[in-house]
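*Asks:* Can you read through this structure? Questions will come right after.
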Amino acid sequence: MGIPTELRDMWVSRRKGFLIASPAEEEKILRTKQCTNEGVRAGFKAASIACVASAVPTLAAVRMIPWAKVNLNYTAQALIISAGMIST
C-alpha cells in the first residue's frame, strides 16, 4: 500500500524545480515565515484575552445578580453565557 520510497523521493526531488533562490530571496522567505508565526501568536494571545475579558463579567453577572439568580433557571443562564461567548 502507498507509494514506494524510491518513487516518492524522485517525485519530491522533481517538485523542487531547477531554480535556485538567491541568498536575498532566502532571507526574505525566512522573514516572511517569522512574521507569519509572530502574527499567529499575537492573534491567538489577543483572542484569548478577549475571550476571558468577556466571559468573566458575563458569568459573574448571571451567577451573582440576585434578579438573574431568582428568575432565570440554569438553562437560561447557560444560554446567556453561550450567547456572550458567541458574540465575542
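Residues in the C-alpha cells are named by chain (A, B, ... in the order shown) and by number from 1 within that chain; ligands are numbered from 1 in the order shown.
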Quick one: residues within 10 Å of range 72-86 of chain A, only C-alpha atoms, excluding same-chain residues fewer than 3 positions away - as number ranges by chain?
*Replies:* A: 51-52, 54-63, 66-69
*Asks:* Using DSSP secondary structure from the backbone, list all helix (DSSP H, G or I) positions within chain A, as a ChimeraX atom specification.
*Replies:* /A:5-15,23-64,66-71,74-87
*Asks:* Interatomic distance between CA of Arg41 in chain A and CA of Lys28 in chain A?
*Replies:*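 These atoms are spaced 20.0 Å apart.
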*Asks:* Quick one: pull the distance between CA of Leu19 in chain A and CA of Leu7 in chain A, Å, one decimal.
*Replies:* 21.8 Å
*Asks:* Mind pulling up the distance from CA of Cys35 in chain A to CA of Ala47 in chain A?
*Replies:*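 Computing the Euclidean distance for CA of Ala47 in chain A and CA of Cys35 in chain A yields 18.1 Å.
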